[in-house]
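data-v5.cif follows; it contains mmCIF, C-alpha atoms.
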```cif
data_coords
#
loop_
_atom_site.label_atom_id
_atom_site.label_comp_id
_atom_site.auth_asym_id
_atom_site.auth_seq_id
_atom_site.Cartn_x
_atom_site.Cartn_y
_atom_site.Cartn_z
CA MET W 16 3.06 -25.07 26.52
CA VAL W 17 0.76 -26.25 23.77
CA TRP W 18 -2.10 -24.29 22.26
CA THR W 19 -4.91 -25.65 20.16
CA ILE W 20 -5.78 -23.39 17.27
CA GLU W 21 -8.22 -23.55 14.40
CA LEU W 22 -6.15 -23.13 11.27
CA CYS W 23 -8.31 -22.00 8.37
CA ILE W 24 -6.49 -22.21 5.03
CA ALA W 25 -7.63 -20.95 1.64
CA ARG W 26 -7.65 -23.75 -0.91
CA GLN W 27 -7.79 -23.06 -4.61
CA LYS W 28 -6.37 -24.65 -7.70
CA ALA W 29 -5.78 -22.53 -10.78
CA GLY W 30 -9.05 -21.69 -12.49
CA SER W 31 -11.26 -23.07 -9.71
CA GLU W 32 -13.22 -21.30 -6.98
CA ARG W 33 -11.62 -20.64 -3.61
CA HIS W 34 -12.84 -22.51 -0.55
CA TYR W 35 -11.58 -22.68 3.01
CA GLN W 36 -10.48 -25.76 4.92
CA THR W 37 -10.12 -25.85 8.69
CA TYR W 38 -7.65 -27.91 10.71
CA GLN W 39 -7.34 -28.27 14.49
CA ILE W 40 -3.65 -27.85 15.19
CA GLU W 41 -1.80 -28.31 18.46
CA ILE W 42 1.19 -26.03 18.51
CA ASP W 43 3.64 -24.28 20.81
CA PRO W 44 2.76 -20.55 20.68
CA ASP W 45 6.44 -19.76 20.27
CA GLU W 46 6.53 -21.67 17.01
CA TYR W 47 5.81 -19.83 13.79
CA VAL W 48 2.84 -19.62 11.46
CA LEU W 49 4.77 -21.56 8.80
CA ASP W 50 5.16 -24.40 11.33
CA ALA W 51 1.38 -24.53 11.74
CA VAL W 52 0.89 -24.71 7.96
CA GLU W 53 3.51 -27.45 7.76
CA LYS W 54 1.69 -29.40 10.48
CA ALA W 55 -1.55 -29.16 8.53
CA TRP W 56 0.28 -30.53 5.51
CA ALA W 57 2.21 -33.22 7.39
CA PHE W 58 -0.58 -34.59 9.59
CA TYR W 59 -3.80 -33.81 7.75
CA ASP W 60 -3.54 -33.07 4.06
CA ARG W 61 -0.60 -33.76 1.77
CA SER W 62 -2.39 -32.09 -1.13
CA LEU W 63 -1.98 -28.68 0.54
CA THR W 64 0.57 -26.66 -1.39
CA PHE W 65 2.64 -23.78 -0.06
CA ARG W 66 6.06 -22.34 -0.72
CA HIS W 67 8.89 -22.33 1.81
CA ALA W 68 12.65 -22.76 1.86
CA CYS W 69 15.00 -21.09 4.31
CA HIS W 70 12.78 -20.65 7.39
CA HIS W 71 14.77 -17.61 8.50
CA SER W 72 13.44 -14.71 6.41
CA THR W 73 16.11 -14.79 3.75
CA CYS W 74 14.44 -16.46 0.79
CA GLY W 75 11.12 -14.58 0.77
CA ALA W 76 9.21 -17.68 -0.30
CA CYS W 77 6.69 -17.99 2.53
CA GLY W 78 4.87 -14.66 2.29
CA MET W 79 1.15 -15.19 2.93
CA LEU W 80 -1.86 -13.31 4.25
CA VAL W 81 -2.17 -14.03 7.95
CA ASN W 82 -5.52 -12.83 9.28
CA GLY W 83 -5.69 -10.50 6.29
CA VAL W 84 -2.22 -9.02 6.68
CA GLU W 85 0.88 -9.80 4.63
CA LYS W 86 3.35 -11.68 6.81
CA LEU W 87 6.52 -13.63 6.27
CA THR W 88 5.19 -16.74 7.98
CA CYS W 89 8.59 -18.17 8.94
CA ILE W 90 9.22 -15.26 11.32
CA THR W 91 5.66 -14.64 12.52
CA PRO W 92 5.20 -16.23 15.95
CA ILE W 93 1.89 -17.97 16.55
CA ARG W 94 1.30 -15.97 19.74
CA SER W 95 1.55 -12.68 17.83
CA VAL W 96 -1.41 -13.46 15.57
CA VAL W 97 -3.77 -15.77 17.50
CA GLN W 98 -4.71 -16.81 21.01
CA ASP W 99 -5.18 -20.27 22.48
CA LYS W 100 -8.33 -21.84 20.94
CA GLY W 101 -8.42 -18.98 18.46
CA ARG W 102 -8.82 -19.01 14.69
CA LEU W 103 -5.96 -18.29 12.33
CA LEU W 104 -6.79 -17.44 8.72
CA ILE W 105 -4.15 -18.14 6.07
CA GLU W 106 -4.59 -16.96 2.48
CA PRO W 107 -2.29 -16.54 -0.50
CA LEU W 108 -0.73 -13.18 -1.33
CA ARG W 109 -3.03 -10.85 -3.26
CA ASN W 110 -2.52 -9.46 -6.75
CA PHE W 111 -0.70 -12.49 -8.14
CA PRO W 112 -2.37 -15.35 -10.05
CA ILE W 113 -2.98 -18.43 -7.92
CA LEU W 114 -1.04 -21.48 -8.99
CA SER W 115 -2.24 -23.75 -6.20
CA ASP W 116 -3.57 -23.06 -2.69
CA LEU W 117 -1.05 -20.71 -1.07
CA VAL W 118 1.35 -20.67 -4.02
CA VAL W 119 1.12 -17.64 -6.30
CA ASP W 120 2.79 -16.91 -9.60
CA THR W 121 5.28 -14.10 -8.95
CA SER W 122 6.94 -14.37 -12.34
CA SER W 123 5.66 -10.94 -13.44
CA MET W 124 7.57 -9.37 -10.54
CA PHE W 125 10.78 -11.23 -11.38
CA ASN W 126 10.47 -10.35 -15.07
CA ASN W 127 10.11 -6.68 -14.14
CA LEU W 128 13.05 -6.92 -11.71
CA ASN W 129 15.11 -8.19 -14.65
CA LYS W 130 14.06 -5.15 -16.68
CA VAL W 131 15.73 -2.85 -14.16
CA SER W 132 18.76 -5.17 -13.91
CA PHE W 133 18.23 -5.64 -10.18
CA ASN W 134 21.32 -7.14 -8.61
CA GLN W 135 20.88 -8.95 -5.31
CA VAL W 136 24.48 -8.13 -4.35
CA ALA W 137 25.64 -4.56 -3.87
CA SER W 138 28.53 -2.69 -2.37
CA LEU W 139 28.13 -2.16 1.36
CA PRO W 140 27.39 1.59 1.24
CA ALA W 141 24.86 1.08 -1.56
CA ALA W 142 23.15 -1.78 0.25
CA CYS W 143 22.51 0.33 3.36
CA LEU W 144 19.63 2.73 3.62
CA PRO W 145 20.79 6.33 4.10
CA TYR W 146 18.73 6.71 7.27
CA GLU W 147 19.87 3.46 8.88
CA SER W 148 20.95 4.36 12.37
CA GLU W 149 23.88 2.01 12.45
CA GLN W 150 26.02 2.47 9.40
CA PRO W 151 28.97 0.07 9.16
CA GLU W 152 32.11 1.59 10.60
CA HIS W 153 34.32 0.64 7.70
CA ALA W 154 31.91 0.95 4.82
CA HIS W 155 34.03 0.52 1.73
CA PRO W 156 32.84 -0.01 -1.83
CA GLU W 157 34.92 -3.17 -2.09
CA TYR W 158 32.84 -4.83 0.62
CA GLU W 159 29.63 -6.33 -0.66
CA ARG W 160 26.53 -7.84 0.84
CA LEU W 161 23.08 -9.02 -0.17
CA VAL W 162 20.66 -6.14 -0.49
CA ASP W 163 17.69 -6.06 1.86
CA CYS W 164 14.93 -6.89 -0.61
CA ILE W 165 14.16 -10.61 -0.44
CA GLU W 166 11.73 -10.45 -3.37
CA CYS W 167 8.85 -11.86 -1.33
CA GLY W 168 6.22 -9.85 -3.25
CA MET W 169 4.39 -8.80 -0.09
CA CYS W 170 4.63 -5.11 -1.02
CA ILE W 171 2.83 -5.82 -4.29
CA SER W 172 0.21 -7.84 -2.41
CA ALA W 173 -0.48 -4.93 -0.04
CA CYS W 174 -0.47 -2.18 -2.68
CA PRO W 175 -3.93 -0.77 -3.52
CA ILE W 176 -2.80 0.19 -7.02
CA SER W 177 -1.43 -3.27 -7.77
CA LEU W 178 -4.87 -4.51 -6.68
CA THR W 179 -6.59 -2.78 -9.58
CA SER W 180 -3.98 -2.76 -12.32
CA SER W 181 -1.75 -5.53 -13.63
CA ASP W 182 0.10 -2.94 -15.73
CA TYR W 183 1.54 -1.14 -12.69
CA ILE W 184 5.03 -2.53 -12.17
CA GLY W 185 4.65 -2.35 -8.41
CA PRO W 186 6.62 -1.24 -5.36
CA ALA W 187 9.18 -4.06 -5.35
CA VAL W 188 10.34 -3.24 -8.86
CA LEU W 189 10.31 0.52 -8.31
CA ALA W 190 12.32 0.08 -5.10
CA ALA W 191 14.79 -2.11 -6.97
CA ALA W 192 15.02 0.50 -9.73
CA GLN W 193 15.74 3.19 -7.16
CA HIS W 194 18.43 1.02 -5.64
CA GLU W 195 20.06 0.47 -9.02
CA SER W 196 19.71 4.15 -9.92
CA ILE W 197 21.87 5.16 -6.95
CA GLN W 198 24.80 3.94 -9.03
CA SER W 199 23.50 5.35 -12.28
CA LEU W 200 20.11 6.42 -13.58
CA SER W 201 20.40 4.57 -16.86
CA PRO W 202 18.08 5.07 -19.84
CA ARG W 203 16.99 1.46 -19.31
CA ILE W 204 15.75 2.22 -15.78
CA LEU W 205 14.15 5.48 -16.89
CA GLU W 206 12.26 3.65 -19.61
CA VAL W 207 10.77 1.30 -17.01
CA VAL W 208 9.94 3.80 -14.26
CA ASP W 209 9.18 7.13 -15.98
CA ASN W 210 5.78 6.32 -17.45
CA LYS W 211 2.15 6.02 -16.40
CA ASN W 212 2.62 2.48 -15.09
CA GLY W 213 5.82 3.30 -13.29
CA VAL W 214 6.80 5.69 -10.57
CA TRP W 215 3.92 8.12 -11.21
CA ARG W 216 1.21 5.54 -10.58
CA CYS W 217 1.90 5.24 -6.84
CA HIS W 218 -0.83 6.90 -4.76
CA SER W 219 1.11 7.22 -1.51
CA ALA W 220 -0.74 4.66 0.62
CA TYR W 221 2.61 3.32 1.91
CA GLU W 222 1.19 -0.14 2.58
CA CYS W 223 4.30 -1.49 0.85
CA SER W 224 6.52 -0.01 3.55
CA ALA W 225 4.13 -1.14 6.29
CA VAL W 226 4.32 -4.82 5.34
CA CYS W 227 7.92 -5.07 4.12
CA PRO W 228 9.68 -7.62 6.37
CA SER W 229 13.16 -6.36 5.47
CA GLY W 230 12.97 -2.62 6.06
CA VAL W 231 13.42 -1.85 2.37
CA GLU W 232 10.89 0.99 2.61
CA PRO W 233 9.58 0.75 -0.96
CA GLY W 234 7.36 3.80 -0.43
CA TRP W 235 10.33 5.94 0.53
CA ARG W 236 12.30 4.58 -2.43
CA ILE W 237 9.47 5.33 -4.87
CA MET W 238 9.44 8.95 -3.73
CA LYS W 239 13.24 9.11 -4.03
CA MET W 240 12.91 7.65 -7.51
CA ARG W 241 10.44 10.41 -8.40
CA GLN W 242 12.90 12.97 -7.10
CA ALA W 243 15.63 11.48 -9.30
CA VAL W 244 13.37 11.41 -12.36
CA ILE W 245 12.34 15.05 -11.83
CA ALA W 246 15.99 16.07 -11.40
CA HIS W 247 16.86 14.19 -14.58
CA ARG W 248 14.05 15.91 -16.49
CA ILE W 249 15.18 19.36 -15.30
CA LYS W 250 18.79 18.60 -16.22
CA SER W 251 17.72 17.29 -19.63
CA PHE W 252 15.61 20.41 -20.24
CA PHE W 253 18.47 22.80 -19.55
CA SER W 254 21.13 20.73 -21.27
CA SER W 255 19.15 20.28 -24.48
CA ASP W 256 20.00 22.56 -27.39
CA MET A 24 -8.29 -15.11 -14.56
CA ASN A 25 -9.19 -15.84 -10.95
CA ASN A 26 -10.26 -13.41 -8.25
CA ASN A 27 -6.71 -13.03 -6.95
CA ASP A 28 -5.44 -11.31 -10.09
CA PRO A 29 -5.28 -7.51 -10.30
CA SER A 30 -8.45 -6.13 -11.79
CA SER A 31 -10.14 -2.75 -12.01
CA HIS A 32 -13.26 -4.51 -10.69
CA HIS A 33 -11.55 -4.70 -7.29
CA PHE A 34 -11.63 -0.92 -6.78
CA LEU A 35 -14.26 -1.17 -4.03
CA ARG A 36 -11.62 -2.93 -1.91
CA TRP A 37 -9.75 0.40 -1.85
CA PHE A 38 -12.31 1.53 0.67
CA ASP A 39 -11.86 -1.40 3.04
CA PRO A 40 -9.77 -0.07 5.95
CA ARG A 41 -9.45 -3.41 7.76
CA HIS A 42 -5.87 -4.49 8.50
CA LYS A 43 -4.50 -1.37 6.82
CA SER A 44 -2.02 1.26 7.94
CA ILE A 45 -2.59 4.98 8.28
CA GLY A 46 -1.40 5.54 4.70
CA THR A 47 -4.43 3.67 3.42
CA ILE A 48 -6.70 5.71 5.69
CA ALA A 49 -5.26 8.82 4.01
CA PHE A 50 -5.74 7.14 0.62
CA ILE A 51 -9.41 6.39 1.41
CA ILE A 52 -10.09 9.88 2.80
CA ASN A 53 -8.56 11.42 -0.33
CA ARG A 54 -10.84 9.39 -2.58
CA PHE A 55 -14.00 10.10 -0.61
CA SER A 56 -13.23 13.82 -0.39
CA ALA A 57 -12.43 13.94 -4.11
CA LEU A 58 -15.70 12.18 -4.98
CA GLY A 59 -17.59 14.55 -2.69
CA LEU A 60 -15.99 17.61 -4.28
CA THR A 61 -16.75 16.27 -7.75
CA VAL A 62 -20.42 15.80 -6.83
CA TYR A 63 -20.43 19.32 -5.40
CA LEU A 64 -18.96 20.73 -8.61
CA ILE A 65 -21.79 19.11 -10.60
CA LEU A 66 -24.41 20.46 -8.16
CA HIS A 67 -22.78 23.88 -8.32
CA LEU A 68 -23.07 23.93 -12.10
CA VAL A 69 -26.70 22.80 -11.88
CA VAL A 70 -27.45 25.63 -9.44
CA LEU A 71 -25.70 28.21 -11.61
CA SER A 72 -27.73 27.01 -14.57
CA LYS A 73 -30.82 28.31 -12.70
CA LEU A 74 -29.63 31.77 -13.66
CA ALA A 75 -30.64 30.90 -17.20
CA SER A 76 -34.21 30.37 -15.93
CA GLY A 77 -34.45 33.95 -14.78
CA GLY A 78 -33.91 35.96 -11.62
CA GLN A 79 -36.98 34.64 -9.80
CA ALA A 80 -35.90 31.00 -10.05
CA TYR A 81 -32.47 31.93 -8.70
CA ASP A 82 -33.96 33.97 -5.85
CA GLU A 83 -36.10 31.00 -4.88
CA PHE A 84 -33.00 28.86 -4.78
CA LEU A 85 -31.19 31.43 -2.59
CA ILE A 86 -34.02 31.18 -0.05
CA LEU A 87 -33.62 27.41 -0.07
CA ALA A 88 -29.85 27.80 0.29
CA LYS A 89 -30.31 29.44 3.70
CA SER A 90 -31.94 26.31 5.10
CA PRO A 91 -29.95 24.41 7.75
CA VAL A 92 -29.72 21.30 5.57
CA ILE A 93 -27.97 23.22 2.79
CA LYS A 94 -25.71 24.91 5.34
CA ILE A 95 -24.66 21.53 6.71
CA GLY A 96 -24.04 20.44 3.12
CA GLU A 97 -21.86 23.50 2.58
CA MET A 98 -19.99 22.62 5.74
CA PHE A 99 -19.24 19.19 4.26
CA VAL A 100 -17.95 20.88 1.10
CA ILE A 101 -15.63 23.11 3.11
CA ALA A 102 -14.45 20.14 5.17
CA GLY A 103 -13.90 18.09 2.02
CA GLY A 104 -11.95 20.89 0.36
CA ILE A 105 -9.73 21.50 3.37
CA ILE A 106 -9.05 17.82 4.05
CA HIS A 107 -8.41 17.05 0.38
CA GLY A 108 -6.14 20.08 0.07
CA ALA A 109 -4.17 19.23 3.21
CA ASN A 110 -3.78 15.62 2.10
CA GLY A 111 -2.67 16.92 -1.28
CA VAL A 112 0.04 18.99 0.38
CA ARG A 113 1.33 15.80 2.07
CA ILE A 114 1.33 13.92 -1.24
CA ALA A 115 3.00 16.77 -3.11
CA LEU A 116 5.73 17.10 -0.49
CA ASN A 117 6.28 13.34 -0.46
CA SER A 118 6.31 13.16 -4.24
CA PHE A 119 9.23 15.55 -4.32
CA GLY A 120 11.00 13.36 -1.76
CA PHE A 121 10.33 15.55 1.28
CA LEU A 122 9.21 14.29 4.71
CA VAL A 123 8.55 10.76 3.46
CA LYS A 124 10.01 9.21 6.60
CA ILE A 125 7.48 11.11 8.70
CA GLN A 126 4.52 10.81 6.34
CA LYS A 127 2.32 9.33 9.10
CA GLU A 128 3.06 12.18 11.50
CA LEU A 129 2.66 14.65 8.64
CA PHE A 130 -0.77 13.23 7.83
CA ILE A 131 -1.92 13.32 11.46
CA GLY A 132 -0.61 16.87 11.88
CA LEU A 133 -2.32 18.10 8.72
CA MET A 134 -5.60 16.44 9.70
CA ILE A 135 -5.52 18.09 13.13
CA LEU A 136 -4.85 21.43 11.41
CA SER A 137 -7.69 20.71 8.99
CA LEU A 138 -10.11 19.97 11.83
CA ALA A 139 -9.14 23.23 13.53
CA ILE A 140 -9.79 25.18 10.32
CA ILE A 141 -13.08 23.34 9.74
CA PHE A 142 -14.13 24.15 13.32
CA TYR A 143 -13.26 27.83 12.72
CA PHE A 144 -15.35 27.87 9.55
CA GLY A 145 -18.21 26.05 11.27
CA VAL A 146 -18.35 28.56 14.12
CA HIS A 147 -18.36 31.48 11.67
CA MET A 148 -20.92 29.94 9.34
CA PHE A 149 -23.44 28.94 11.97
CA SER A 150 -23.02 31.99 14.21
CA GLY A 151 -23.35 34.19 11.08
CA ALA A 152 -26.66 32.48 10.33
CA GLN A 153 -28.25 34.29 13.26
CA ASN A 154 -27.61 37.70 11.63
#
```
Take the structure I supplied and represent it as structure tokens, if you would.
Amino acid sequence: MVWTIELCIARQKAGSERHYQTYQIEIDPDEYVLDAVEKAWAFYDRSLTFRHACHHSTCGACGMLVNGVEKLTCITPIRSVVQDKGRLLIEPLRNFPILSDLVVDTSSMFNNLNKVSFNQVASLPAACLPYESEQPEHAHPEYERLVDCIECGMCISACPISLTSSDYIGPAVLAAAQHESIQSLSPRILEVVDNKNGVWRCHSAYECSAVCPSGVEPGWRIMKMRQAVIAHRIKSFFSSD
Amino acid sequence: MNNNDPSSHHFLRWFDPRHKSIGTIAFIINRFSALGLTVYLILHLVVLSKLASGGQAYDEFLILAKSPVIKIGEMFVIAGGIIHGANGVRIALNSFGFLVKIQKELFIGLMILSLAIIFYFGVHMFSGAQN
């Protein structure tokens, strides 16, 4: 089965105005949105720039706005977002500077992740969410795995507070801080999260959790981080001389 | 800076509910209700200031206050207060780490409760107007 879709892609080079370019793409509806973007690049316009790598939702590179919603395009089937002869709108993630077309500069997120010493590998119990229905049978601290966050930046793109403030460190970093703080709530993490641009700036819209492709639940983690910070403050108050 | 960067100038986009989840609907409702209550507070202070103009000016206002338009306005104030308060309860609970996993259900439940309370107030206010 082949569908014909109108692929409308935002084009913008750094510092220039955004415009939209439309391509007629023939595609199997069971292919993915990233495949459609690649076809536009391969058959129509080699100047189109976009980021992609693993094509199986591990690298987090291909996050884009698909019809206005943050999606990991490598795992978003065409048939889930458009119909035959329909129009598919592709735009870059919000709240990051545009480098070129669909490529955004996520360096601020990675710099902030470094500040909380986010480690992509964690012990198996620490890498699992407490409410995950299927906990590993033999969860042992010696076993390790990659944590769920793939650092795609989609939570920051969806966050209404990140929309209006570049100072807010954002849900990805706060979720990473919460993950690290399970082991130990270090002064370094507290310094990053316990301030007006940290954990207290979230306004509970939970868009971060809604768009997260990995089930990290940044919104839940931010609230857990608040709980930990409050507990720390109470402990500090009573332990101080 | 291009229009994709975070900027305080983008705050109007907060109120765009397209493609958003229920959390953003709660976020938008909280902002509208807060703005409404703030406007009411200002109006309230303006009205109270009429006391400084003497008893007659205030009495004239009280007659105006019994008009249906003002009553509907008061109804909006009550609705705003109840909805904002209920939403605040959700945020406060969540902020202490409680019921975060069911924040959507919590919001829907609190809004249904709010509507019931608003309905109760409405019935009392408008039936009382006949007396």
Distance of atom CA of W:Leu178 from atom CA of A:Phe34, expressed in Å to one decimal place: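 So the two atoms, atom CA of A:Phe34 and atom CA of W:Leu178, lie 7.7 Å apart.
Put simply, atom CA of W:Leu87 is 8.9 Å away from atom CA of W:Cys227.
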Determine, for each residue of chain A having at least one atom at most 6 Å from an atom of chain W, the closest pair of atoms and their separation in Å to one decimal, counting all atoms listed in the file; order by chain and ascending number, as JSON lines.
```
{"residue": "A:Asn27", "atom": "CA", "partner": "W:Asn110", "partner_atom": "CA", "distance": 5.5}
{"residue": "A:Asp28", "atom": "CA", "partner": "W:Asn110", "partner_atom": "CA", "distance": 4.8}
{"residue": "A:Pro29", "atom": "CA", "partner": "W:Leu178", "partner_atom": "CA", "distance": 4.7}
{"residue": "A:Ser30", "atom": "CA", "partner": "W:Thr179", "partner_atom": "CA", "distance": 4.4}
{"residue": "A:Ser31", "atom": "CA", "partner": "W:Thr179", "partner_atom": "CA", "distance": 4.3}
{"residue": "A:His33", "atom": "CA", "partner": "W:Thr179", "partner_atom": "CA", "distance": 5.8}
{"residue": "A:Gly46", "atom": "CA", "partner": "W:Ala220", "partner_atom": "CA", "distance": 4.2}
{"residue": "A:Thr47", "atom": "CA", "partner": "W:Ala220", "partner_atom": "CA", "distance": 4.7}
{"residue": "A:Phe50", "atom": "CA", "partner": "W:Ala220", "partner_atom": "CA", "distance": 5.6}
{"residue": "A:Ser118", "atom": "CA", "partner": "W:Met238", "partner_atom": "CA", "distance": 5.3}
{"residue": "A:Phe119", "atom": "CA", "partner": "W:Gln242", "partner_atom": "CA", "distance": 5.3}
{"residue": "A:Gly120", "atom": "CA", "partner": "W:Met238", "partner_atom": "CA", "distance": 5.1}
{"residue": "A:Val123", "atom": "CA", "partner": "W:Trp235", "partner_atom": "CA", "distance": 5.9}
```
Reference answer for the PyMOL selection byres ((chain W and resi 130-133) around 12), as a PyMOL selection string: chain W and resi 123-129+134-137+161-162+164-166+184+187-208+213
Which residue of A:Leu122, A:Val146, A:Met98, A:Val69 approaches A:Phe84 most closely, using all atoms listed in the file: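 The shortest atom-to-atom distance to A:Phe84 comes from A:Val69.
Of note, atom CA of A:Asn53 and atom CA of A:Lys89 are spaced 28.5 Å apart.
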